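Below is one structure; the comments refer to it alone.
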Amino acid sequence: ENAACARRLAGMVTLLDTRHAAAGSADRDQWYLDNWGAVCAEIGASQQLTPGVASHLLLIGVALRDRLPKIGAVFADGLIGYRLVATIVHRTGLIKDPAALRAVDTALALLVQGWGPMSLDRTDQEIDRLVAEHDPYALRRTQTKARGRAVEVFLDDATGVATLWATLFAPDAAALDQRLDTIAATVCEHDPRTRDQRRSDAMGAIGHWQDRLACLCGLAHCDAGATTPSTVVIHVVAHAES
């Protein structure tokens with residue numbers, strides 16, 4: 001069934017190629033019903049599909065031939081289904097770099113053959129992981145997710161600690177993650193806190209406009225302990241000639 005679906009899409013692409021190769025094809029691209037529209041109408045009439053559905057199928061077929069030939073080959077062998085193919089075409093649609101696209105096509109063609117049943121979200125995540133590895137700027141991001149970003153702080157008066165939940169843009173989150181590691185590393189190796197505890201304390205340091213943690217090792221010769229966290233920022237204004 002999967003292989004038959006792949007042949008069906010390939011036949012649609014062949015029909016489009018035939019229409020483009022016909023005499024006067026370039027002129028028809030300026031018509032209200034251009035070559036693409038005419039092919040979609042023909043496909044829709046023969047297969048009892050709306051022009052919109054036919055156009056979507058044709059888009060998938062063209063993408064498999066021109067952008068994802070190895071995924072197309074796996075599909076033609078019947079090893080994956082149309083739903084997964086359509087998802088891959090959509091999630092990789094923003095990749096512009098040819099080398100990155102070839103790398104993603106090759107990697108996915110190998111991986112998908114070993115995938116078992118997965119939810120739609122898990123499928124998106126696995127594809128996005130590969131896209132991010134080869135072309136992070138081509139990731140699909142939904143406006144709904146971005147609009148829902150927020151920072152919430154839940155205080156627990158009984159324990160004296162708080163829980164923080166945040167949704168950030170990925171570059172901002174990466175910068176914060178690196179900043180926490182940097183501040184957490186400002187103590188000496190004898191500091192009794194775990195890495196997670198120091199990262200947590202680093203959030204507090206950022207909140208107090210501090211750039212380091214006070215070392216808790218208690219050793220007299222500790223260089224980190226001798227450095228007091230500071231909230232003072234000095235701005236120096238000088239003339240260019242100085």
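Chain labels run A, B, ... following the order of the structure tokens; each chain numbers its residues from 1, and ligands are numbered from 1 in the order shown.
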Give me every strand (DSSP E or B) residue in range 82-230 of chain A, going by DSSP on the backbone, as an MDAnalysis selection string.
chainID A and resid 151:156 161:166
Can you tell me, as number ranges by chain, what residues are no more than 12 Å from Gly52 in chain A when counting only C-alpha atoms, ignoring any on the same chain fewer than 5 positions away?
A: 36-37, 39-41, 43-44, 57-59
If you count only C-alpha atoms, which residues fall within 8 Å of Asn2 in chain A, apart from same-chain ones fewer than 3 positions away, as a ChimeraX atom specification?
/A:5-6,75-82
I want to know what sits within 10 Å of Thr123 in chain A, based on only C-alpha atoms, with residues of the same chain fewer than 6 positions away left out; could you give that as a ChimeraX atom specification?
/A:84,87-88,91,112,115,117,129
Please, what distance in Å, to one decimal, runs between CA of Trp209 in chain A and CA of Phe169 in chain A?
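Separation between CA of Trp209 in chain A and CA of Phe169 in chain A: 21.8 Å.
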As a ChimeraX atom specification, please: the residues near Arg102 in chain A (cut-off 9 Å, only C-alpha atoms, same-chain neighbours under 4 positions excluded).
/A:67-70,97-98,106-107
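Closest approach to Glu133 in chain A among A:Ala109, A:Val161, A:Leu168, A:Ala103 is made by A:Ala103 (distances from only C-alpha atoms).
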Report, in Å with one decimal, the straight-line distance from CA of Arg19 in chain A to CA of Ser55 in chain A.
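Those two atoms sit 14.8 Å apart.
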Non-local contacts of His134 in chain A (9 Å; only C-alpha atoms; under 6 positions in same chain excluded) as a VMD selection string
chain A and resid 99 to 101 103 to 104
Can you tell me, as number ranges by chain, what residues are no more than 12 Å from Asn35 in chain A when counting only C-alpha atoms, ignoring any on the same chain fewer than 3 positions away?
A: 13, 15-32, 38-42, 55
The selected residues should be written to file as a tab-separated table (two decimals), in the first residue's frame (atoms: N, CA and C atoms).
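Written file, selection_19.tsv:
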chain	number	residue	atom	x	y	z
A	13	VAL	N	3.82	13.71	-10.40
A	13	VAL	CA	4.97	14.54	-10.76
A	13	VAL	C	5.30	14.38	-12.24
A	15	LEU	N	3.20	13.73	-14.59
A	15	LEU	CA	2.18	14.49	-15.31
A	15	LEU	C	2.53	15.98	-15.33
A	16	LEU	N	3.03	16.49	-14.20
A	16	LEU	CA	3.44	17.89	-14.15
A	16	LEU	C	4.61	18.15	-15.09
A	17	ASP	N	5.57	17.23	-15.10
A	17	ASP	CA	6.73	17.39	-16.00
A	17	ASP	C	6.29	17.39	-17.46
A	18	THR	N	5.33	16.54	-17.77
A	18	THR	CA	4.82	16.48	-19.15
A	18	THR	C	4.16	17.79	-19.54
A	19	ARG	N	3.41	18.35	-18.61
A	19	ARG	CA	2.75	19.63	-18.89
A	19	ARG	C	3.77	20.75	-19.08
A	20	HIS	N	4.83	20.74	-18.27
A	20	HIS	CA	5.87	21.76	-18.41
A	20	HIS	C	6.66	21.59	-19.71
A	21	ALA	N	6.77	20.36	-20.20
A	21	ALA	CA	7.54	20.10	-21.41
A	21	ALA	C	6.75	20.39	-22.69
A	22	ALA	N	5.45	20.57	-22.57
A	22	ALA	CA	4.62	20.80	-23.75
A	22	ALA	C	4.88	22.17	-24.36
A	23	ALA	N	4.59	22.30	-25.64
A	23	ALA	CA	4.78	23.57	-26.33
A	23	ALA	C	3.89	24.65	-25.70
A	24	GLY	N	4.47	25.83	-25.51
A	24	GLY	CA	3.71	26.94	-24.94
A	24	GLY	C	3.56	26.88	-23.43
A	25	SER	N	4.30	25.98	-22.80
A	25	SER	CA	4.17	25.81	-21.35
A	25	SER	C	4.53	27.09	-20.59
A	26	ALA	N	5.59	27.77	-21.03
A	26	ALA	CA	6.03	28.98	-20.34
A	26	ALA	C	4.95	30.05	-20.36
A	27	ASP	N	4.23	30.15	-21.46
A	27	ASP	CA	3.16	31.15	-21.55
A	27	ASP	C	2.02	30.82	-20.59
A	28	ARG	N	1.73	29.54	-20.43
A	28	ARG	CA	0.61	29.15	-19.57
A	28	ARG	C	0.89	29.44	-18.10
A	29	ASP	N	2.17	29.59	-17.73
A	29	ASP	CA	2.48	29.91	-16.34
A	29	ASP	C	1.94	31.28	-15.94
A	30	GLN	N	1.59	32.11	-16.92
A	30	GLN	CA	1.04	33.43	-16.63
A	30	GLN	C	-0.49	33.43	-16.67
A	31	TRP	N	-1.09	32.30	-17.00
A	31	TRP	CA	-2.54	32.23	-17.07
A	31	TRP	C	-3.13	32.12	-15.66
A	32	TYR	N	-4.42	32.41	-15.58
A	32	TYR	CA	-5.12	32.25	-14.29
A	32	TYR	C	-5.04	30.79	-13.83
A	38	ALA	N	-3.66	23.44	-13.65
A	38	ALA	CA	-4.26	22.54	-14.63
A	38	ALA	C	-4.01	21.08	-14.27
A	39	VAL	N	-2.79	20.78	-13.83
A	39	VAL	CA	-2.46	19.41	-13.43
A	39	VAL	C	-3.27	19.01	-12.20
A	40	CYS	N	-3.39	19.91	-11.24
A	40	CYS	CA	-4.18	19.61	-10.04
A	40	CYS	C	-5.65	19.36	-10.39
A	41	ALA	N	-6.17	20.15	-11.33
A	41	ALA	CA	-7.55	19.95	-11.76
A	41	ALA	C	-7.72	18.59	-12.43
A	42	GLU	N	-6.74	18.21	-13.23
A	42	GLU	CA	-6.80	16.92	-13.92
A	42	GLU	C	-6.71	15.77	-12.92
A	55	SER	N	-3.24	19.44	-5.00
A	55	SER	CA	-2.06	20.30	-4.94
A	55	SER	C	-1.13	19.87	-3.81
Could you please determine the separation between CA of Asp105 in chain A and CA of Ala10 in chain A in Å, to one decimal place?
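About the pair CA of Asp105 in chain A and CA of Ala10 in chain A: they are 17.9 Å apart.
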